$ cat work-v1.tsv   # TSV, C-alpha atoms
chain	number	residue	atom	x	y	z
A	963	MET	CA	30.84	-3.61	-13.54
A	964	LEU	CA	27.34	-2.69	-14.44
A	965	GLY	CA	25.49	0.01	-12.59
A	966	TYR	CA	22.21	-0.70	-10.92
A	967	LEU	CA	18.68	0.51	-11.34
A	968	LEU	CA	17.03	2.43	-8.55
A	969	SER	CA	13.27	2.76	-8.84
A	970	VAL	CA	11.39	5.42	-6.88
A	971	GLY	CA	7.67	5.84	-7.39
A	972	GLY	CA	7.74	4.25	-10.81
A	973	VAL	CA	10.54	6.52	-12.10
A	974	ASN	CA	13.83	4.74	-12.80
A	975	ARG	CA	17.25	6.32	-12.44
A	976	HIS	CA	20.43	4.56	-13.56
A	977	GLU	CA	23.40	5.04	-11.25
A	978	THR	CA	27.02	4.05	-11.89
A	979	ASP	CA	29.33	2.23	-9.50
A	980	SER	CA	31.04	5.52	-8.64
A	981	GLU	CA	27.81	6.85	-7.16
A	982	VAL	CA	26.36	6.09	-3.74
A	983	ARG	CA	24.47	2.82	-3.85
A	984	HIS	CA	22.15	3.53	-0.94
A	985	PRO	CA	18.72	5.04	-1.68
A	986	THR	CA	18.47	8.47	-0.06
A	987	LEU	CA	15.80	9.08	2.54
A	988	PRO	CA	12.83	11.11	1.30
A	989	GLU	CA	12.85	14.78	2.24
A	990	ARG	CA	9.95	16.81	3.58
A	991	SER	CA	8.12	18.53	0.75
A	992	SER	CA	7.49	22.26	0.90
A	993	PHE	CA	4.50	21.87	-1.40
A	994	VAL	CA	2.80	18.53	-0.65
A	995	GLY	CA	1.47	17.40	2.71
A	996	VAL	CA	0.38	13.79	3.18
A	997	GLU	CA	-1.34	12.16	6.14
A	998	VAL	CA	-1.21	8.36	6.21
A	999	GLY	CA	-3.35	5.98	8.22
A	1000	GLU	CA	-2.27	2.96	10.21
A	1001	ASP	CA	-2.40	0.96	6.97
A	1002	ASN	CA	0.26	3.23	5.41
A	1003	LEU	CA	-2.21	4.54	2.82
A	1004	PRO	CA	-2.99	8.25	2.44
A	1005	VAL	CA	-6.08	9.47	4.25
A	1006	ALA	CA	-5.58	13.16	3.47
A	1007	MET	CA	-3.41	15.23	1.15
A	1008	THR	CA	-2.86	18.93	0.57
A	1009	ILE	CA	-0.99	20.39	-2.38
A	1010	LYS	CA	-0.11	24.07	-2.52
A	1011	PRO	CA	-0.99	25.85	-5.79
A	1012	SER	CA	2.67	26.90	-6.10
A	1013	TRP	CA	3.57	23.20	-6.48
A	1014	LYS	CA	2.63	23.39	-10.15
A	1015	ASP	CA	5.21	26.14	-10.66
A	1016	ALA	CA	7.96	24.19	-8.89
A	1017	PHE	CA	7.55	20.98	-10.93
A	1018	GLY	CA	6.72	20.11	-14.50
A	1019	PRO	CA	3.70	17.89	-15.26
A	1020	THR	CA	5.97	14.90	-15.92
A	1021	GLU	CA	7.42	15.30	-12.39
A	1022	TYR	CA	4.13	15.49	-10.51
A	1023	GLY	CA	3.83	11.79	-9.73
A	1024	GLU	CA	7.38	11.49	-8.43
A	1025	SER	CA	7.14	14.63	-6.30
A	1026	ILE	CA	3.92	13.41	-4.65
A	1027	MET	CA	5.41	9.96	-4.15
A	1028	THR	CA	8.42	11.50	-2.39
A	1029	ALA	CA	6.13	13.44	-0.05
A	1030	TYR	CA	4.16	10.26	0.63
A	1031	LEU	CA	7.31	8.28	1.45
A	1032	TYR	CA	8.33	11.00	3.90
A	1033	ALA	CA	4.93	10.69	5.60
A	1034	VAL	CA	5.44	6.92	5.87
A	1035	LEU	CA	8.91	7.51	7.33
A	1036	GLU	CA	7.39	9.79	9.97
A	1037	GLN	CA	4.70	7.20	10.67
A	1038	ASN	CA	7.30	4.47	11.17
A	1039	THR	CA	9.33	6.73	13.45
A	1040	ARG	CA	6.27	7.25	15.64
A	1041	ARG	CA	5.65	3.51	15.71
A	1042	ILE	CA	9.21	2.77	16.80
A	1043	THR	CA	9.15	5.53	19.42
A	1044	SER	CA	6.00	4.04	20.93
A	1045	GLY	CA	7.54	0.55	20.98
A	1046	ARG	CA	5.58	-0.84	18.03
A	1047	THR	CA	6.91	-2.51	14.91
A	1048	PRO	CA	7.34	-0.22	11.90
A	1049	ASP	CA	5.69	-2.86	9.72
A	1050	PRO	CA	1.88	-2.46	9.64
A	1051	GLY	CA	1.58	-6.06	8.46
A	1052	ILE	CA	-1.12	-8.44	9.63
A	1053	GLY	CA	-0.25	-10.49	12.71
A	1054	LEU	CA	-1.39	-13.93	13.82
A	1055	ARG	CA	-4.11	-12.64	16.13
A	1056	ASP	CA	-5.48	-10.50	13.30
A	1057	MET	CA	-5.46	-13.30	10.74
A	1058	VAL	CA	-6.87	-16.28	12.62
A	1059	PRO	CA	-10.47	-15.07	13.20
A	1060	THR	CA	-10.76	-14.24	9.50
A	1061	LEU	CA	-9.17	-17.46	8.26
A	1062	LEU	CA	-11.41	-19.54	10.51
A	1063	ARG	CA	-14.40	-18.23	8.55
A	1064	THR	CA	-13.21	-19.69	5.24
A	1065	ARG	CA	-15.46	-22.41	3.87
A	1066	ASP	CA	-13.11	-24.32	1.56
A	1067	TYR	CA	-9.40	-24.69	0.91
A	1068	ALA	CA	-9.40	-22.53	-2.22
A	1069	GLU	CA	-10.96	-19.64	-0.30
A	1070	TYR	CA	-8.51	-20.15	2.57
A	1071	ARG	CA	-5.49	-20.19	0.26
A	1072	GLU	CA	-6.56	-17.04	-1.60
A	1073	LEU	CA	-7.22	-15.17	1.63
A	1074	TYR	CA	-4.02	-16.37	3.29
A	1075	LEU	CA	-1.88	-15.32	0.33
A	1076	GLY	CA	-3.62	-11.96	0.27
A	1077	MET	CA	-2.72	-11.42	3.92
A	1078	CYS	CA	0.82	-12.78	3.95
A	1079	GLY	CA	2.01	-12.07	0.42
A	1080	ALA	CA	3.28	-8.76	-0.90
A	1081	GLY	CA	-0.07	-8.09	-2.56
A	1082	SER	CA	-0.64	-6.13	-5.74
A	1083	TYR	CA	-3.35	-3.50	-6.04
A	1084	LEU	CA	-4.32	-1.04	-8.75
A	1085	ALA	CA	-6.59	2.01	-8.65
A	1086	TYR	CA	-7.59	4.65	-11.19
A	1087	GLY	CA	-8.43	8.31	-10.82
A	1088	LEU	CA	-11.63	9.80	-12.22
A	1089	GLY	CA	-9.94	11.96	-14.85
A	1090	LEU	CA	-9.42	10.75	-18.41
A	1091	ASP	CA	-6.57	11.43	-20.81
A	1092	GLU	CA	-6.93	12.36	-24.48
A	1093	PHE	CA	-7.55	8.69	-25.33
A	1094	ASP	CA	-10.33	8.36	-22.72
A	1095	GLN	CA	-8.08	6.23	-20.53
A	1096	PRO	CA	-7.56	6.85	-16.80
A	1097	ALA	CA	-5.25	9.83	-16.37
A	1098	MET	CA	-4.07	8.64	-12.96
A	1099	ILE	CA	-2.88	5.16	-12.02
A	1100	VAL	CA	-1.91	4.35	-8.43
A	1101	ARG	CA	-0.26	1.06	-7.53
A	1102	ALA	CA	0.25	-0.44	-4.09
A	1103	ASP	CA	1.16	-3.56	-2.18
A	1104	ASN	CA	0.41	-4.59	1.39
A	1105	ALA	CA	3.08	-2.21	2.69
A	1106	GLY	CA	1.73	0.92	0.98
A	1107	LEU	CA	1.80	2.83	-2.29
A	1108	THR	CA	4.45	1.79	-4.80
A	1109	SER	CA	3.87	4.25	-7.64
A	1110	ILE	CA	1.77	7.20	-8.77
A	1111	VAL	CA	1.55	7.75	-12.51
A	1112	ILE	CA	-0.24	10.86	-13.80
A	1113	ASP	CA	-0.83	11.76	-17.43
A	1114	ALA	CA	1.12	14.97	-18.07
A	1115	ARG	CA	-1.50	16.71	-20.23
A	1116	TRP	CA	-4.32	16.00	-17.81
A	1117	ALA	CA	-2.18	17.04	-14.85
A	1118	ALA	CA	-1.23	20.32	-16.51
A	1119	ALA	CA	-4.91	21.23	-16.86
A	1120	ALA	CA	-6.09	19.91	-13.47
A	1121	ASP	CA	-5.84	21.98	-10.30
A	1122	ALA	CA	-3.80	20.83	-7.32
A	1123	PHE	CA	-6.91	20.10	-5.22
A	1124	THR	CA	-8.29	17.71	-7.84
A	1125	ILE	CA	-5.01	15.82	-8.09
A	1126	ALA	CA	-4.76	15.46	-4.30
A	1127	HIS	CA	-8.40	14.40	-4.04
A	1128	ASP	CA	-7.99	11.74	-6.73
A	1129	ILE	CA	-4.92	10.22	-5.06
A	1130	VAL	CA	-6.76	9.89	-1.75
A	1131	ALA	CA	-9.74	8.41	-3.61
A	1132	CYS	CA	-7.41	5.88	-5.27
A	1133	SER	CA	-6.02	5.01	-1.85
A	1134	ASP	CA	-9.57	4.34	-0.65
A	1135	GLN	CA	-10.08	2.01	-3.63
A	1136	ILE	CA	-6.92	0.12	-2.69
A	1137	ARG	CA	-8.02	-0.05	0.93
A	1138	MET	CA	-11.23	-1.75	-0.20
A	1139	GLN	CA	-9.28	-4.28	-2.27
A	1140	ARG	CA	-7.15	-5.44	0.64
A	1141	PRO	CA	-8.34	-8.41	2.74
A	1142	ARG	CA	-10.92	-7.41	5.33
A	1143	LEU	CA	-10.27	-8.67	8.83
A	1144	TYR	CA	-12.98	-10.17	11.01
A	1145	VAL	CA	-12.88	-9.62	14.77
A	1146	ASP	CA	-14.17	-12.42	17.02
A	1147	SER	CA	-14.38	-11.34	20.66
A	1148	ALA	CA	-14.72	-14.98	21.71
A	1149	LEU	CA	-11.12	-15.60	20.64
A	1150	GLU	CA	-9.55	-12.59	22.34
A	1151	GLY	CA	-8.83	-14.49	25.55
A	1152	GLU	CA	-7.00	-17.34	23.82
A	1153	SER	CA	-3.22	-17.57	23.70
A	1154	ASP	CA	-1.24	-17.56	20.46
A	1155	ASP	CA	-0.68	-21.31	20.81
A	1156	GLN	CA	-4.41	-21.91	21.18
A	1157	LEU	CA	-5.12	-19.81	18.10
A	1158	ARG	CA	-2.50	-21.72	16.11
A	1159	ALA	CA	-4.06	-25.01	17.20
A	1160	ARG	CA	-7.50	-23.81	16.10
A	1161	LEU	CA	-6.15	-22.74	12.74
A	1162	ILE	CA	-4.27	-26.00	12.16
A	1163	GLU	CA	-7.39	-27.99	12.96
A	1164	HIS	CA	-9.43	-25.82	10.59
A	1165	VAL	CA	-6.90	-26.13	7.76
A	1166	ASN	CA	-6.66	-29.90	8.19
A	1167	ARG	CA	-10.44	-30.13	7.87
A	1168	LEU	CA	-10.44	-27.97	4.73
A	1169	VAL	CA	-7.65	-30.01	3.15
A	1170	LYS	CA	-9.45	-33.26	3.99
A	1171	ASP	CA	-12.62	-32.00	2.30
A	1172	TYR	CA	-10.57	-30.72	-0.65
A	1173	THR	CA	-8.87	-34.07	-1.26
A	1174	ALA	CA	-11.90	-36.24	-0.54

$ encode --input "work-v1.tsv" --output "structure tokens"
Amino acid sequence: MLGYLLSVGGVNRHETDSEVRHPTLPERSSFVGVEVGEDNLPVAMTIKPSWKDAFGPTEYGESIMTAYLYAVLEQNTRRITSGRTPDPGIGLRDMVPTLLRTRDYAEYRELYLGMCGAGSYLAYGLGLDEFDQPAMIVRADNAGLTSIVIDARWAAAADAFTIAHDIVACSDQIRMQRPRLYVDSALEGESDDQLRARLIEHVNRLVKDYTA
């Protein structure tokens, strides 16, 4: 039988059938500290100078990604402990006020898919590689970061503070790309069924205008 491909932070590792098939949980990093917000994106990051001695430039992205995943694991543990869902996804009551503001079906569909789909976001760091291309590429979906790719030559010359700063800046870019939610205090007292009814009525009107 063929082995399978396990992808962590954009770095692929091939494992055979004789090896454990379950992804291991991320471990706490001794060098990288990550603080994530409620949206599962980094809001702060610290990297010890000794980190550059512990890893080679080609390993920087994966080591930071592992530290980030551990921070997300801690975040989810806190959510579960407090009785909340570990998924920071957008709920009905969050979506409806925003969707009700859409003016046509195309706008509604794009916004709805952005909220309910996996999402795909891309951000670039400020540094440039030897070809004047972005030296850092950060990818994410609606659940959080999916990969951090850092050019090895640029990373070798950059200090740890700059790398950490650029990753947080990329996370801010991604945060801006995600759908923005509108809060309507007039709808806060309505039940979920009432909100669904409002949304259905709104969508029917948009579809009618779209097909007219």

$ axis_aligned_box --input "work-v1.tsv" --around "region 1020-1028 of chain A" --padding-each-side "8 Å" --output "lines of an AutoDock Vina configuration file"
center_x = 6.1
center_y = 12.7
center_z = -9.2
size_x = 20.6
size_y = 21.5
size_z = 29.5

$ closest_residue --input "work-v1.tsv" --among "A:Met1138, A:Val1058, A:Leu1031, A:Ala1068" --to "Glu1150 (chain A)" --atoms "only C-alpha atoms"
A:Val1058

$ residues_around --input "work-v1.tsv" --residues "Glu1092 (chain A)" --least-positions-apart "6" --cutoff "10 Å" --atoms "only C-alpha atoms" --output "ChimeraX atom specification"
/A:1113,1115-1116

$ closest_residue --input "work-v1.tsv" --among "A:Met1057, A:Leu1168, A:Val1111, A:Ala1006" --to "Pro1019 (chain A)" --atoms "all atoms listed in the file"
A:Val1111

$ residues_around --input "work-v1.tsv" --residues "Asp1154 (chain A)" --least-positions-apart "6" --cutoff "10 Å" --atoms "all atoms listed in the file" --output "mmCIF file with C-alpha atoms, keeping the file's coordinate frame"
data_model
loop_
_atom_site.group_PDB
_atom_site.id
_atom_site.type_symbol
_atom_site.label_atom_id
_atom_site.label_comp_id
_atom_site.auth_asym_id
_atom_site.auth_seq_id
_atom_site.Cartn_x
_atom_site.Cartn_y
_atom_site.Cartn_z
ATOM 1 C CA LEU A 1054 -1.390 -13.930 13.820
ATOM 2 C CA ARG A 1055 -4.110 -12.640 16.130
ATOM 3 C CA VAL A 1058 -6.870 -16.280 12.620
ATOM 4 C CA ARG A 1160 -7.500 -23.810 16.100
#

$ atom_distance --input "work-v1.tsv" --atom1 "CA of Pro1011 (chain A)" --atom2 "CA of Arg1101 (chain A)"
24.9 Å

$ atom_distance --input "work-v1.tsv" --atom1 "CA of Arg1158 (chain A)" --atom2 "CA of Gly1045 (chain A)"
24.9 Å

$ residues_around --input "work-v1.tsv" --residues "Glu1021 (chain A)" --least-positions-apart "3" --cutoff "10 Å" --atoms "all atoms listed in the file" --output "PyMOL selection string"
chain A and resi 973+1014+1016-1018+1024-1026+1111-1112+1114

$ atom_distance --input "work-v1.tsv" --atom1 "CA of Val1145 (chain A)" --atom2 "CA of Asp1056 (chain A)"
7.6 Å

$ closest_residue --input "work-v1.tsv" --among "A:Leu1035, A:Leu1061, A:Ile1136, A:Met1027" --to "Asn1104 (chain A)" --atoms "only C-alpha atoms"
A:Ile1136

$ closest_residue --input "work-v1.tsv" --among "A:Ala1117, A:Val998, A:Met1098, A:Met1077" --to "Tyr1022 (chain A)" --atoms "all atoms listed in the file"
A:Ala1117

$ build_atoms --input "work-v1.tsv" --residues "region 1053-1083 of chain A" --atoms "N, CA and C atoms" --output "PDB file, keeping the file's coordinate frame"
ATOM      1  N   GLY A1053      -0.792  -9.513  11.781  1.00  0.00           N
ATOM      2  CA  GLY A1053      -0.250 -10.490  12.710  1.00  0.00           C
ATOM      3  C   GLY A1053      -1.155 -11.704  12.866  1.00  0.00           C
ATOM      4  N   LEU A1054      -0.655 -12.689  13.607  1.00  0.00           N
ATOM      5  CA  LEU A1054      -1.390 -13.930  13.820  1.00  0.00           C
ATOM      6  C   LEU A1054      -2.770 -13.683  14.410  1.00  0.00           C
ATOM      7  N   ARG A1055      -2.840 -12.867  15.436  1.00  0.00           N
ATOM      8  CA  ARG A1055      -4.110 -12.640  16.130  1.00  0.00           C
ATOM      9  C   ARG A1055      -5.106 -11.902  15.234  1.00  0.00           C
ATOM     10  N   ASP A1056      -4.593 -11.171  14.250  1.00  0.00           N
ATOM     11  CA  ASP A1056      -5.480 -10.500  13.300  1.00  0.00           C
ATOM     12  C   ASP A1056      -5.994 -11.477  12.246  1.00  0.00           C
ATOM     13  N   MET A1057      -5.126 -12.404  11.843  1.00  0.00           N
ATOM     14  CA  MET A1057      -5.460 -13.300  10.740  1.00  0.00           C
ATOM     15  C   MET A1057      -6.417 -14.426  11.125  1.00  0.00           C
ATOM     16  N   VAL A1058      -6.172 -15.035  12.278  1.00  0.00           N
ATOM     17  CA  VAL A1058      -6.870 -16.280  12.620  1.00  0.00           C
ATOM     18  C   VAL A1058      -8.394 -16.148  12.588  1.00  0.00           C
ATOM     19  N   PRO A1059      -8.997 -15.145  13.234  1.00  0.00           N
ATOM     20  CA  PRO A1059     -10.470 -15.070  13.200  1.00  0.00           C
ATOM     21  C   PRO A1059     -11.029 -15.008  11.780  1.00  0.00           C
ATOM     22  N   THR A1060     -10.304 -14.345  10.890  1.00  0.00           N
ATOM     23  CA  THR A1060     -10.760 -14.240   9.500  1.00  0.00           C
ATOM     24  C   THR A1060     -10.584 -15.555   8.762  1.00  0.00           C
ATOM     25  N   LEU A1061      -9.433 -16.192   8.946  1.00  0.00           N
ATOM     26  CA  LEU A1061      -9.170 -17.460   8.260  1.00  0.00           C
ATOM     27  C   LEU A1061     -10.094 -18.571   8.736  1.00  0.00           C
ATOM     28  N   LEU A1062     -10.514 -18.508   9.984  1.00  0.00           N
ATOM     29  CA  LEU A1062     -11.410 -19.540  10.510  1.00  0.00           C
ATOM     30  C   LEU A1062     -12.800 -19.475   9.865  1.00  0.00           C
ATOM     31  N   ARG A1063     -13.100 -18.383   9.197  1.00  0.00           N
ATOM     32  CA  ARG A1063     -14.400 -18.230   8.550  1.00  0.00           C
ATOM     33  C   ARG A1063     -14.418 -18.777   7.119  1.00  0.00           C
ATOM     34  N   THR A1064     -13.263 -19.174   6.607  1.00  0.00           N
ATOM     35  CA  THR A1064     -13.210 -19.690   5.240  1.00  0.00           C
ATOM     36  C   THR A1064     -13.939 -21.028   5.152  1.00  0.00           C
ATOM     37  N   ARG A1065     -14.596 -21.243   4.017  1.00  0.00           N
ATOM     38  CA  ARG A1065     -15.460 -22.410   3.870  1.00  0.00           C
ATOM     39  C   ARG A1065     -14.839 -23.544   3.066  1.00  0.00           C
ATOM     40  N   ASP A1066     -13.798 -23.260   2.299  1.00  0.00           N
ATOM     41  CA  ASP A1066     -13.110 -24.320   1.560  1.00  0.00           C
ATOM     42  C   ASP A1066     -11.643 -23.937   1.411  1.00  0.00           C
ATOM     43  N   TYR A1067     -10.838 -24.907   0.953  1.00  0.00           N
ATOM     44  CA  TYR A1067      -9.400 -24.690   0.910  1.00  0.00           C
ATOM     45  C   TYR A1067      -9.006 -23.606  -0.095  1.00  0.00           C
ATOM     46  N   ALA A1068      -9.719 -23.543  -1.217  1.00  0.00           N
ATOM     47  CA  ALA A1068      -9.400 -22.530  -2.220  1.00  0.00           C
ATOM     48  C   ALA A1068      -9.603 -21.123  -1.650  1.00  0.00           C
ATOM     49  N   GLU A1069     -10.701 -20.939  -0.921  1.00  0.00           N
ATOM     50  CA  GLU A1069     -10.960 -19.640  -0.300  1.00  0.00           C
ATOM     51  C   GLU A1069      -9.902 -19.321   0.746  1.00  0.00           C
ATOM     52  N   TYR A1070      -9.538 -20.340   1.538  1.00  0.00           N
ATOM     53  CA  TYR A1070      -8.510 -20.150   2.570  1.00  0.00           C
ATOM     54  C   TYR A1070      -7.174 -19.741   1.934  1.00  0.00           C
ATOM     55  N   ARG A1071      -6.782 -20.456   0.890  1.00  0.00           N
ATOM     56  CA  ARG A1071      -5.490 -20.190   0.260  1.00  0.00           C
ATOM     57  C   ARG A1071      -5.440 -18.780  -0.328  1.00  0.00           C
ATOM     58  N   GLU A1072      -6.518 -18.380  -1.004  1.00  0.00           N
ATOM     59  CA  GLU A1072      -6.560 -17.040  -1.600  1.00  0.00           C
ATOM     60  C   GLU A1072      -6.476 -15.961  -0.532  1.00  0.00           C
ATOM     61  N   LEU A1073      -7.212 -16.153   0.555  1.00  0.00           N
ATOM     62  CA  LEU A1073      -7.220 -15.170   1.630  1.00  0.00           C
ATOM     63  C   LEU A1073      -5.877 -15.124   2.350  1.00  0.00           C
ATOM     64  N   TYR A1074      -5.305 -16.299   2.599  1.00  0.00           N
ATOM     65  CA  TYR A1074      -4.020 -16.370   3.290  1.00  0.00           C
ATOM     66  C   TYR A1074      -2.923 -15.672   2.480  1.00  0.00           C
ATOM     67  N   LEU A1075      -2.889 -15.945   1.178  1.00  0.00           N
ATOM     68  CA  LEU A1075      -1.880 -15.320   0.330  1.00  0.00           C
ATOM     69  C   LEU A1075      -2.079 -13.810   0.261  1.00  0.00           C
ATOM     70  N   GLY A1076      -3.347 -13.390   0.282  1.00  0.00           N
ATOM     71  CA  GLY A1076      -3.620 -11.960   0.270  1.00  0.00           C
ATOM     72  C   GLY A1076      -3.131 -11.268   1.530  1.00  0.00           C
ATOM     73  N   MET A1077      -3.169 -11.988   2.653  1.00  0.00           N
ATOM     74  CA  MET A1077      -2.720 -11.420   3.920  1.00  0.00           C
ATOM     75  C   MET A1077      -1.204 -11.459   4.072  1.00  0.00           C
ATOM     76  N   CYS A1078      -0.599 -12.567   3.674  1.00  0.00           N
ATOM     77  CA  CYS A1078       0.820 -12.780   3.950  1.00  0.00           C
ATOM     78  C   CYS A1078       1.731 -12.429   2.773  1.00  0.00           C
ATOM     79  N   GLY A1079       1.187 -12.399   1.572  1.00  0.00           N
ATOM     80  CA  GLY A1079       2.010 -12.070   0.420  1.00  0.00           C
ATOM     81  C   GLY A1079       2.222 -10.570   0.301  1.00  0.00           C
ATOM     82  N   ALA A1080       3.009 -10.182  -0.692  1.00  0.00           N
ATOM     83  CA  ALA A1080       3.280  -8.760  -0.900  1.00  0.00           C
ATOM     84  C   ALA A1080       2.014  -8.024  -1.326  1.00  0.00           C
ATOM     85  N   GLY A1081       1.151  -8.730  -2.077  1.00  0.00           N
ATOM     86  CA  GLY A1081      -0.070  -8.090  -2.560  1.00  0.00           C
ATOM     87  C   GLY A1081       0.217  -7.196  -3.745  1.00  0.00           C
ATOM     88  N   SER A1082      -0.767  -7.010  -4.579  1.00  0.00           N
ATOM     89  CA  SER A1082      -0.640  -6.130  -5.740  1.00  0.00           C
ATOM     90  C   SER A1082      -2.000  -5.509  -6.019  1.00  0.00           C
ATOM     91  N   TYR A1083      -2.076  -4.187  -5.910  1.00  0.00           N
ATOM     92  CA  TYR A1083      -3.350  -3.500  -6.040  1.00  0.00           C
ATOM     93  C   TYR A1083      -3.215  -2.337  -7.026  1.00  0.00           C
TER      94      TYR A1083
END
